[in-house]
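Listing of query_4.txt, compact mmCIF, C-alpha atoms
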# COMPACT_ATOMS: atom_id res chain seq x y z
CA MET A 1 46.14 46.24 84.57
CA MET A 2 48.13 46.46 81.34
CA ARG A 3 46.49 48.52 78.59
CA GLU A 4 44.88 46.31 75.92
CA GLU A 5 46.87 46.31 72.70
CA MET A 6 46.43 43.96 69.75
CA THR A 7 49.00 44.99 67.19
CA LYS A 8 51.06 41.82 66.97
CA SER A 9 50.75 38.81 64.68
CA LEU A 10 49.38 36.23 67.15
CA PRO A 11 46.07 36.61 69.02
CA VAL A 12 47.52 36.82 72.53
CA SER A 13 46.15 39.87 74.30
CA LYS A 14 47.55 41.65 77.30
CA ARG A 15 44.35 40.84 79.15
CA MET A 16 45.02 37.10 78.61
CA VAL A 17 48.48 37.51 80.12
CA TRP A 18 47.13 39.58 83.02
CA GLU A 19 44.42 37.08 83.91
CA SER A 20 46.91 34.22 83.81
CA TYR A 21 49.23 36.21 86.08
CA LEU A 22 46.45 36.69 88.64
CA LYS A 23 45.90 32.92 88.82
CA VAL A 24 49.62 32.20 89.17
CA ILE A 25 50.15 34.59 92.08
CA THR A 26 47.04 33.23 93.82
CA LYS A 27 48.50 29.70 93.75
CA GLN A 28 51.97 30.96 94.75
CA GLY A 29 54.47 28.15 94.08
CA GLY A 30 58.24 27.98 94.18
CA ALA A 31 60.90 29.53 92.00
CA GLY A 32 61.92 27.90 88.74
CA ILE A 33 65.37 27.29 87.36
CA ASP A 34 66.09 31.05 87.35
CA ARG A 35 65.45 31.10 91.13
CA GLU A 36 63.08 34.05 90.68
CA SER A 37 60.28 34.01 93.27
CA ILE A 38 56.86 35.57 92.76
CA GLY A 39 57.96 38.42 95.03
CA MET A 40 61.00 39.07 92.86
CA PHE A 41 58.83 38.89 89.72
CA ASN A 42 56.45 41.45 91.24
CA ASP A 43 59.27 43.89 91.89
CA ASN A 44 59.32 44.53 88.15
CA MET A 45 55.84 43.20 87.34
CA SER A 46 54.84 45.58 84.55
CA ASN A 47 57.98 45.03 82.51
CA ASN A 48 57.96 41.28 83.14
CA LEU A 49 54.37 40.93 81.97
CA TYR A 50 55.09 43.08 78.92
CA LYS A 51 57.99 40.80 77.96
CA ILE A 52 55.78 37.71 78.17
CA TRP A 53 53.06 39.31 76.04
CA ASN A 54 55.51 40.77 73.53
CA ARG A 55 57.28 37.46 73.00
CA MET A 56 54.15 35.31 72.94
CA THR A 57 52.28 37.51 70.51
CA SER A 58 55.22 37.72 68.11
CA GLY A 59 55.92 33.98 68.17
CA CYS A 60 59.34 34.27 69.77
CA TYR A 61 58.55 32.99 73.25
CA PHE A 62 60.75 29.99 74.11
CA PRO A 63 60.28 28.33 77.50
CA PRO A 64 63.31 27.86 79.76
CA PRO A 65 64.09 24.41 81.21
CA VAL A 66 62.07 23.30 84.22
CA ARG A 67 63.62 22.99 87.65
CA THR A 68 63.33 19.48 89.12
CA VAL A 69 62.52 18.88 92.78
CA PHE A 70 61.71 15.54 94.36
CA ILE A 71 58.72 15.26 96.66
CA PRO A 72 57.82 12.24 98.81
CA LYS A 73 54.98 9.98 97.71
CA LYS A 74 52.45 8.90 100.34
CA GLN A 75 53.12 5.30 99.28
CA GLY A 76 56.88 5.78 99.70
CA GLY A 77 59.63 6.85 97.34
CA LEU A 78 60.07 10.17 95.57
CA ARG A 79 58.23 11.78 92.68
CA PRO A 80 60.01 14.26 90.38
CA LEU A 81 58.17 17.56 90.11
CA GLY A 82 59.02 19.95 87.28
CA ILE A 83 58.73 23.59 88.35
CA PRO A 84 58.58 26.14 85.52
CA THR A 85 59.71 29.69 86.11
CA VAL A 86 57.11 32.24 87.21
CA SER A 87 57.10 33.77 83.73
CA ASP A 88 56.66 30.38 82.10
CA ARG A 89 53.78 29.49 84.43
CA ILE A 90 52.05 32.66 83.26
CA ALA A 91 52.72 31.85 79.60
CA GLN A 92 51.42 28.30 80.04
CA GLY A 93 48.35 29.68 81.77
CA VAL A 94 47.53 31.78 78.70
CA VAL A 95 47.30 28.65 76.53
CA LYS A 96 45.50 26.64 79.22
CA ASP A 97 42.88 29.36 79.68
CA TYR A 98 42.38 29.53 75.92
CA LEU A 99 41.97 25.77 75.47
CA GLU A 100 40.13 24.77 78.61
CA PRO A 101 36.59 26.03 77.84
CA SER A 102 36.40 24.17 74.53
CA MET A 103 37.85 21.01 76.09
CA GLU A 104 35.40 21.12 78.99
CA ALA A 105 32.61 20.85 76.45
CA VAL A 106 33.90 17.45 75.25
CA PHE A 107 35.53 15.85 78.30
CA HIS A 108 33.86 12.80 79.85
CA THR A 109 31.57 13.12 82.87
CA SER A 110 33.61 10.46 84.69
CA SER A 111 36.85 12.42 84.32
CA PHE A 112 37.39 14.47 87.49
CA GLY A 113 41.02 15.51 87.79
CA TYR A 114 42.17 19.11 87.37
CA ARG A 115 38.88 20.30 85.95
CA PRO A 116 36.91 23.38 87.03
CA GLY A 117 33.94 22.60 89.23
CA ARG A 118 34.94 18.97 89.75
CA SER A 119 36.78 17.51 92.73
CA ALA A 120 38.39 14.43 94.21
CA HIS A 121 35.35 14.10 96.49
CA ASP A 122 33.11 13.90 93.41
CA ALA A 123 35.25 11.04 92.07
CA LEU A 124 35.27 9.26 95.44
CA THR A 125 31.50 9.58 95.85
CA GLN A 126 30.89 8.07 92.42
CA CYS A 127 33.44 5.33 93.11
CA GLN A 128 31.75 4.33 96.35
CA ARG A 129 28.36 4.25 94.64
CA ASN A 130 29.70 2.09 91.80
CA CYS A 131 31.35 -0.31 94.27
CA MET A 132 27.90 -0.92 95.76
CA GLN A 133 26.50 -1.75 92.32
CA LYS A 134 29.38 -3.75 90.83
CA ALA A 135 31.25 -6.49 92.70
CA TRP A 136 34.59 -6.25 90.88
CA VAL A 137 37.08 -3.48 90.27
CA LEU A 138 40.06 -3.08 87.97
CA ASP A 139 42.45 -0.74 89.78
CA VAL A 140 44.52 0.77 86.95
CA ASP A 141 48.03 2.16 87.36
CA ILE A 142 49.70 3.53 84.22
CA LYS A 143 53.44 3.18 84.59
CA GLY A 144 55.14 6.60 84.56
CA PHE A 145 52.24 8.21 82.71
CA PHE A 146 53.42 11.84 82.71
CA ASP A 147 56.94 10.76 81.76
CA ASN A 148 55.81 8.61 78.83
CA ILE A 149 53.30 10.75 76.94
CA SER A 150 54.27 10.60 73.27
CA HIS A 151 54.92 14.09 71.91
CA SER A 152 53.84 13.23 68.37
CA ILE A 153 50.60 11.59 69.54
CA MET A 154 49.92 14.45 71.95
CA LEU A 155 50.22 17.06 69.19
CA GLU A 156 48.11 14.97 66.84
CA LEU A 157 45.34 14.70 69.44
CA LEU A 158 45.56 18.39 70.28
CA GLY A 159 45.19 19.16 66.58
CA LEU A 160 41.76 17.49 66.67
CA HIS A 161 40.57 20.23 69.03
CA THR A 162 42.21 23.39 67.74
CA GLU A 163 43.49 24.73 64.45
CA GLU A 164 45.31 27.60 66.14
CA LYS A 165 48.92 27.23 65.03
CA TRP A 166 50.20 29.39 67.87
CA VAL A 167 48.68 27.01 70.43
CA LEU A 168 50.21 23.96 68.75
CA MET A 169 53.56 25.74 68.43
CA TYR A 170 53.80 26.70 72.08
CA VAL A 171 52.59 23.33 73.35
CA GLU A 172 55.27 21.64 71.24
CA ARG A 173 57.90 23.95 72.73
CA TRP A 174 56.75 23.16 76.27
CA LEU A 175 56.80 19.45 75.57
CA LYS A 176 60.38 19.68 74.33
CA ALA A 177 61.70 22.12 76.95
CA GLY A 178 64.75 20.85 78.82
CA VAL A 179 64.63 19.30 82.28
CA GLU A 180 67.12 19.93 85.07
CA GLN A 181 68.87 16.78 86.28
CA GLU A 182 70.04 15.97 89.81
CA ASP A 183 73.59 17.08 88.95
CA GLY A 184 72.35 20.41 87.59
CA SER A 185 72.76 19.54 83.92
CA ILE A 186 69.91 20.05 81.45
CA MET A 187 68.53 17.11 79.48
CA ALA A 188 66.42 17.47 76.36
CA ARG A 189 63.01 15.83 76.67
CA THR A 190 61.89 13.47 73.90
CA LYS A 191 58.69 12.30 75.58
CA GLY A 192 56.52 13.16 78.55
CA THR A 193 55.33 16.39 80.11
CA PRO A 194 56.54 17.48 83.56
CA GLN A 195 54.26 17.18 86.56
CA GLY A 196 54.10 20.69 87.96
CA GLY A 197 53.51 22.52 84.70
CA VAL A 198 50.39 24.68 84.44
CA VAL A 199 49.33 23.25 81.09
CA SER A 200 50.43 19.65 81.81
CA PRO A 201 47.21 18.47 83.55
CA LEU A 202 45.09 19.71 80.65
CA LEU A 203 47.35 17.96 78.13
CA ALA A 204 47.20 14.78 80.22
CA ASN A 205 43.40 14.92 80.23
CA ILE A 206 43.32 15.37 76.45
CA TYR A 207 45.65 12.40 76.02
CA LEU A 208 43.61 10.06 78.20
CA HIS A 209 40.30 11.40 76.88
CA HIS A 210 41.25 9.79 73.58
CA ALA A 211 43.30 6.85 74.86
CA PHE A 212 40.78 5.79 77.48
CA ASP A 213 37.54 7.76 78.03
CA LYS A 214 36.23 7.75 74.46
CA TRP A 215 37.31 4.13 73.99
CA MET A 216 35.37 3.09 77.10
CA ASP A 217 32.24 4.82 75.81
CA ALA A 218 32.58 3.25 72.37
CA THR A 219 33.45 -0.33 73.37
CA HIS A 220 32.60 -0.80 77.09
CA ALA A 221 29.62 1.42 77.77
CA GLY A 222 28.34 -0.92 80.50
CA TYR A 223 31.52 -0.55 82.59
CA PRO A 224 31.37 2.58 84.77
CA PHE A 225 34.66 4.17 85.74
CA GLU A 226 36.26 7.08 87.54
CA ARG A 227 39.37 8.80 86.23
CA TYR A 228 41.29 11.44 88.14
CA ALA A 229 44.18 12.37 85.83
CA ASP A 230 45.94 9.00 85.42
CA ASP A 231 44.31 7.33 88.46
CA ILE A 232 41.61 5.05 87.04
CA ILE A 233 39.07 2.71 88.62
CA ILE A 234 36.92 0.49 86.34
CA HIS A 235 33.89 -1.37 87.73
CA CYS A 236 32.93 -4.82 86.43
CA SER A 237 30.17 -7.32 87.18
CA SER A 238 32.35 -10.43 87.34
CA ARG A 239 35.92 -11.60 87.70
CA GLU A 240 35.85 -12.81 84.09
CA GLN A 241 34.81 -9.35 82.89
CA SER A 242 37.60 -7.67 84.85
CA GLU A 243 40.20 -10.10 83.49
CA GLN A 244 39.02 -9.50 79.94
CA MET A 245 39.04 -5.75 80.53
CA LEU A 246 42.62 -5.94 81.80
CA GLY A 247 43.80 -7.62 78.60
CA GLU A 248 41.94 -5.23 76.33
CA LEU A 249 43.13 -2.19 78.25
CA LYS A 250 46.77 -3.28 77.92
CA ALA A 251 46.36 -3.50 74.16
CA ARG A 252 44.54 -0.18 73.96
CA LEU A 253 47.11 1.77 75.96
CA SER A 254 49.98 0.27 73.96
CA GLU A 255 48.56 2.07 70.91
CA PHE A 256 49.32 5.30 72.78
CA GLU A 257 52.79 4.13 73.92
CA LEU A 258 51.63 3.58 77.50
CA THR A 259 51.95 0.48 79.69
CA LEU A 260 50.21 -0.73 82.84
CA HIS A 261 52.29 -1.13 85.99
CA PRO A 262 52.41 -4.93 86.45
CA GLU A 263 52.41 -4.88 90.27
CA LYS A 264 50.17 -1.90 90.97
CA THR A 265 47.42 -2.72 88.46
CA LYS A 266 45.15 -5.29 90.08
CA ILE A 267 41.72 -6.91 90.12
CA VAL A 268 39.81 -6.35 93.38
CA TYR A 269 36.73 -8.03 94.83
CA CYS A 270 34.38 -5.59 96.58
CA LYS A 271 33.34 -7.94 99.37
CA ASN A 272 30.36 -7.09 101.58
CA TYR A 273 27.60 -8.82 103.58
CA HIS A 274 25.84 -10.21 100.50
CA ARG A 275 28.94 -11.03 98.42
CA ASN A 276 30.60 -14.24 99.57
CA ASP A 277 33.18 -15.00 96.88
CA LYS A 278 36.85 -15.11 97.80
CA HIS A 279 39.74 -13.29 96.14
CA ASP A 280 43.33 -12.42 97.05
CA ASN A 281 42.68 -8.68 96.65
CA GLU A 282 39.79 -7.17 98.60
CA SER A 283 40.95 -3.55 98.84
CA PHE A 284 42.30 -0.76 96.69
CA THR A 285 43.46 2.81 97.22
CA PHE A 286 42.04 5.71 95.23
CA LEU A 287 42.93 9.36 95.87
CA SER A 288 44.42 8.46 99.27
CA TYR A 289 41.26 6.67 100.39
CA SER A 290 41.28 2.94 101.08
CA PHE A 291 38.23 1.09 99.74
CA GLN A 292 37.83 -2.18 101.63
CA PRO A 293 35.41 -4.34 103.66
CA ARG A 294 34.48 -2.73 107.00
CA THR A 295 31.95 -3.57 109.69
CA ILE A 296 29.31 -1.02 110.67
CA LYS A 297 26.36 -0.99 113.02
CA ASP A 298 23.04 -2.06 111.57
CA LYS A 299 21.20 1.22 110.88
CA PHE A 300 17.92 -0.34 112.03
CA GLY A 301 19.17 -0.41 115.61
CA SER A 302 19.94 -4.10 116.19
CA ALA A 303 23.18 -5.24 117.78
CA LYS A 304 24.16 -6.94 114.55
CA ARG A 305 27.10 -5.55 112.59
CA LEU A 306 27.15 -5.55 108.80
CA LEU A 307 30.10 -5.97 106.45
CA VAL A 308 30.18 -3.15 103.90
CA PHE A 309 32.69 -2.12 101.25
CA SER A 310 33.46 1.53 101.90
CA ALA A 311 36.05 4.29 101.86
CA ALA A 312 38.22 5.78 104.62
CA ILE A 313 41.65 7.39 104.88
CA CYS A 314 44.38 4.99 103.76
CA ASN A 315 47.33 3.94 105.94
CA ALA A 316 49.88 5.74 103.77
CA ALA A 317 48.01 9.01 104.24
CA LYS A 318 47.87 8.41 108.00
CA THR A 319 51.63 7.93 108.08
CA SER A 320 52.14 11.08 106.02
CA ILE A 321 49.96 13.12 108.40
CA ARG A 322 51.73 11.79 111.51
CA THR A 323 55.06 12.74 109.95
CA ALA A 324 53.81 16.25 109.16
CA ILE A 325 52.48 16.67 112.71
CA LYS A 326 55.82 15.61 114.20
CA GLU A 327 57.74 17.94 111.90
CA VAL A 328 55.80 20.95 113.19
CA LEU A 329 56.04 20.14 116.90
CA LEU A 330 59.45 18.51 117.13
CA SER A 331 61.30 21.03 114.95
CA GLN A 332 60.56 23.86 117.41
CA TRP A 333 59.97 21.68 120.49
CA SER A 334 61.69 23.89 123.08
CA THR A 335 61.60 27.32 121.48
CA GLN A 336 57.94 28.05 120.63
CA THR A 337 54.65 28.56 122.44
CA LEU A 338 51.54 26.41 122.15
CA GLU A 339 49.87 29.31 120.32
CA TRP A 340 52.63 29.21 117.71
CA PHE A 341 52.16 25.47 117.22
CA ALA A 342 48.40 25.97 116.85
CA ALA A 343 48.83 28.73 114.26
CA LYS A 344 51.20 26.52 112.27
CA SER A 345 49.10 23.37 112.60
CA ASN A 346 45.52 24.59 112.19
CA PRO A 347 45.54 25.17 108.40
CA LYS A 348 46.90 21.64 107.94
CA ILE A 349 44.46 20.10 110.43
CA ARG A 350 41.52 21.86 108.77
CA GLY A 351 42.63 20.65 105.34
CA TRP A 352 43.11 17.05 106.51
CA ILE A 353 39.72 16.92 108.18
CA ASN A 354 37.93 18.58 105.27
CA TYR A 355 39.39 16.04 102.87
CA TYR A 356 39.55 12.80 104.84
CA ALA A 357 36.44 13.04 107.03
CA ARG A 358 34.01 13.15 104.10
CA PHE A 359 33.10 9.43 104.24
CA SER A 360 34.46 8.31 107.62
CA LYS A 361 35.72 9.79 110.88
CA GLY A 362 38.77 7.49 110.80
CA VAL A 363 41.08 10.47 110.38
CA TYR A 364 40.07 11.74 113.83
CA GLY A 365 42.26 9.14 115.52
CA LEU A 366 45.34 10.97 114.24
CA PHE A 367 44.49 13.99 116.34
CA TYR A 368 44.47 11.97 119.56
CA TYR A 369 48.08 11.32 118.56
CA LEU A 370 48.54 15.10 118.21
CA ASN A 371 47.04 15.59 121.68
CA ASP A 372 49.60 13.11 123.01
CA LEU A 373 52.40 15.20 121.49
CA ILE A 374 50.90 18.36 122.99
CA ARG A 375 50.94 16.74 126.44
CA LYS A 376 54.57 15.70 125.91
CA TRP A 377 55.37 19.30 124.99
CA MET A 378 53.68 20.45 128.22
CA LYS A 379 55.60 17.88 130.23
CA ASN A 380 58.87 19.13 128.74
CA THR A 381 58.01 22.83 128.99
CA TYR A 382 56.47 22.89 132.48
CA LYS A 383 58.69 20.13 133.92
CA ILE A 384 55.70 18.10 135.09
CA ARG A 385 56.59 14.59 136.25
CA CYS A 386 53.27 13.46 137.69
CA LYS A 387 50.88 12.05 135.06
CA GLY A 388 47.82 13.27 136.97
CA LYS A 389 49.17 16.82 137.21
CA LEU A 390 50.02 16.72 133.51
CA TYR A 391 46.45 15.84 132.54
CA LYS A 392 45.10 18.49 134.91
CA LYS A 393 47.34 21.14 133.29
CA TYR A 394 46.30 19.93 129.83
CA GLN A 395 42.58 20.15 130.70
CA MET A 396 43.06 23.58 132.26
CA ILE A 397 44.67 24.93 129.07
CA GLN A 398 41.91 23.36 126.97
CA SER A 399 39.18 24.90 129.14
CA ALA A 400 40.81 28.33 128.87
CA ASN A 401 41.46 28.02 125.10
CA PRO A 402 38.82 25.65 123.65
CA LEU A 403 39.31 27.04 120.13
CA LEU A 404 43.10 27.06 120.17
CA PHE A 405 43.47 23.97 117.95
CA TYR A 406 40.96 23.28 115.19
CA HIS A 407 40.46 19.66 116.24
CA TRP A 408 39.64 20.83 119.77
CA GLU A 409 36.74 22.82 118.30
CA LEU A 410 35.42 19.53 116.90
CA GLY A 411 35.54 17.82 120.27
CA ILE A 412 38.75 15.78 119.74
CA LYS A 413 40.24 16.71 123.12
CA ALA A 414 41.17 13.56 125.01

Take the structure in the file and give it back as structure tokens.
Amino acid sequence: MMREEMTKSLPVSKRMVWESYLKVITKQGGAGIDRESIGMFNDNMSNNLYKIWNRMTSGCYFPPPVRTVFIPKKQGGLRPLGIPTVSDRIAQGVVKDYLEPSMEAVFHTSSFGYRPGRSAHDALTQCQRNCMQKAWVLDVDIKGFFDNISHSIMLELLGLHTEEKWVLMYVERWLKAGVEQEDGSIMARTKGTPQGGVVSPLLANIYLHHAFDKWMDATHAGYPFERYADDIIIHCSSREQSEQMLGELKARLSEFELTLHPEKTKIVYCKNYHRNDKHDNESFTFLSYSFQPRTIKDKFGSAKRLLVFSAAICNAAKTSIRTAIKEVLLSQWSTQTLEWFAAKSNPKIRGWINYYARFSKGVYGLFYYLNDLIRKWMKNTYKIRCKGKLYKKYQMIQSANPLLFYHWELGIKA
């Protein structure tokens, strides 16, 4: 660890830089615009960390532009992701770590995104409970939220929580840092904060804490909600309430230079066995779970099935998982062993099941699809033409290696 030294003008210690560095290397991440990987940074770690501390503590740290990559959305299309350099991620982490404890003391209990000790499953559990209690939902989509955060409003709101000029100075510099364009040119940013920045989620939470959370408490205390970053679900008792809420929310967000997406923001009826109204929208997606009417067996043992409004993996997530499964198997179809495929696939399978099987086993069906691909691989590799022989070979391999694939351990073997 770097020796502690506090001789500069700003209260940024070497320990603060070191602890931020440890978090950055744990999360890994790609190279920024300088194309320096974490491995390359570590080759000269001591000097690199000293430069960050020296510049931050003397006030002369200026962030480089962020590298832009486009990642696919589960719902289709591409989302721009801004990747800071390794050094800049460490510098941002210093400010985030400084601000976060004081912000955690004031953030709303129904805000779940990017907060320590809180998870998407917490938000989903609360959402499902509220859907049982309230018949109507306002599914809120803020159009281009991260791209439209007002810099002046952001700094004004941040100033309500800290008087540290060095924090305000560096946040302003990060907000205004350039952004790489598709043609490689650098564009100055006049609004927004890039998704992918270390400090961006905290800034987003501060922004919506004032624009939304506090306003809900002050003016709509009887309307429970869940917010995960800019994904918001509001629960209402009637269609009239949800329509009124929609109008008031539009006006409120406009004060913070934000707008609702006109197609993606919608009113939803949470239909179940004791709610018989009709509405065009009877489902919504939240954190890649689809909330909608589903039939289940009566828990008291009768043959009757009940209509409930509940959560399960959404279709877009299913498509995304199928694509990821195919990419692993088909990319190395004829050159790798089944053990190699299992080693590559198991971390993903474990992650999918841990996330999507919390409320329903609907995700399990995707792994019967994976088993189909495994049998096709066997057919291609072992040149088996007879379907019966193929299944016999498949069962033989399973019996000899029951723990080879994670989903096999769970009994998804057919």

Using all atoms listed in the file, determine which residues lie at most 10 Å from segment 189-191 of chain A, disregarding the query and same-chain residues fewer than 6 positions distant; provide the list as a PDB file with C-alpha atoms, in the frame of the given file.
ATOM      1  CA  PRO A  65      64.090  24.410  81.210  1.00  0.00           C
ATOM      2  CA  PHE A 146      53.420  11.840  82.710  1.00  0.00           C
ATOM      3  CA  ASP A 147      56.940  10.760  81.760  1.00  0.00           C
ATOM      4  CA  ASN A 148      55.810   8.610  78.830  1.00  0.00           C
ATOM      5  CA  ILE A 149      53.300  10.750  76.940  1.00  0.00           C
ATOM      6  CA  SER A 150      54.270  10.600  73.270  1.00  0.00           C
ATOM      7  CA  HIS A 151      54.920  14.090  71.910  1.00  0.00           C
ATOM      8  CA  SER A 152      53.840  13.230  68.370  1.00  0.00           C
ATOM      9  CA  MET A 154      49.920  14.450  71.950  1.00  0.00           C
ATOM     10  CA  TRP A 174      56.750  23.160  76.270  1.00  0.00           C
ATOM     11  CA  LEU A 175      56.800  19.450  75.570  1.00  0.00           C
ATOM     12  CA  LYS A 176      60.380  19.680  74.330  1.00  0.00           C
ATOM     13  CA  ALA A 177      61.700  22.120  76.950  1.00  0.00           C
ATOM     14  CA  GLY A 178      64.750  20.850  78.820  1.00  0.00           C
ATOM     15  CA  VAL A 179      64.630  19.300  82.280  1.00  0.00           C
TER      16      VAL A 179
END

Spatial neighbours of segment 214-223 of chain A, 6 Å, all atoms listed in the file, chain gap at least 2 places, as a list in words:
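Final neighbour list, sorted by chain and number: His209, His210, Phe212, His235 and Cys236 of chain A.
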
Write out as a PyMOL selection string each polymer residue whose atoms come within 7 Å of segment 129-132 of chain A, counting all atoms listed in the file; drop sequence neighbours fewer than 3 positions from it.
chain A and resi 125-126+135+235+270

Write the selection just made, keeping C-alpha atoms, as a CSV table (one decimal), in the frame of the given file?
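Result file follows (out_39.csv):
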chain,number,residue,atom,x,y,z
A,125,THR,CA,31.5,9.6,95.8
A,126,GLN,CA,30.9,8.1,92.4
A,135,ALA,CA,31.2,-6.5,92.7
A,235,HIS,CA,33.9,-1.4,87.7
A,270,CYS,CA,34.4,-5.6,96.6

Using only C-alpha atoms: which of A:Thr68, A:Thr295, A:Ser331, A:Asn281 has the shortest distance to Gln181 of chain A
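Checking each candidate against Gln181 of chain A, we get A:Thr68 as the closest.
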
Minimum-distance residue to Glu243 of chain A, chosen among A:Tyr228, A:Trp136, A:Trp333, A:Tyr382 (using only C-alpha atoms)
A:Trp136

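Distances from A:Ser111, A:Gln398, A:Gln133, A:Ser360 to Ala229 of chain A were compared using only C-alpha atoms, and the smallest one belongs to A:Ser111.
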
Can you find the residues with an atom no farther than 12 Å from (53.4, 22.3, 73.4), counting only C-alpha atoms, and report them as a PyMOL selection string?
chain A and resi 61-63+91-92+95-96+150-159+165-177+191-194+197-200+202-204

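Shortest separation to Pro80 of chain A among A:Ile38, A:Val140, A:Met16, A:Val66 occurs at residue A:Val66, atoms counted being only C-alpha atoms.
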
Report, in Å with one decimal, the straight-line distance from atom CA of Arg79 of chain A to atom CA of Glu180 of chain A.
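That distance, rounded to one decimal, is 14.3 Å.
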
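Between atom CA of Lys361 of chain A and atom CA of Lys379 of chain A there is a distance of 28.9 Å.
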
Neighbours of Ile349 of chain A within 10 Å (only C-alpha atoms; same-chain residues fewer than 3 positions away dropped), as a VMD selection string?
chain A and resid 321 325 342 344 to 346 352 to 355 366 to 367 405 to 407

Measuring between all atoms listed in the file, which one of A:Arg35, A:Arg89, A:His279, A:His121 shows the shortest distance to Val137 of chain A?
A:His279
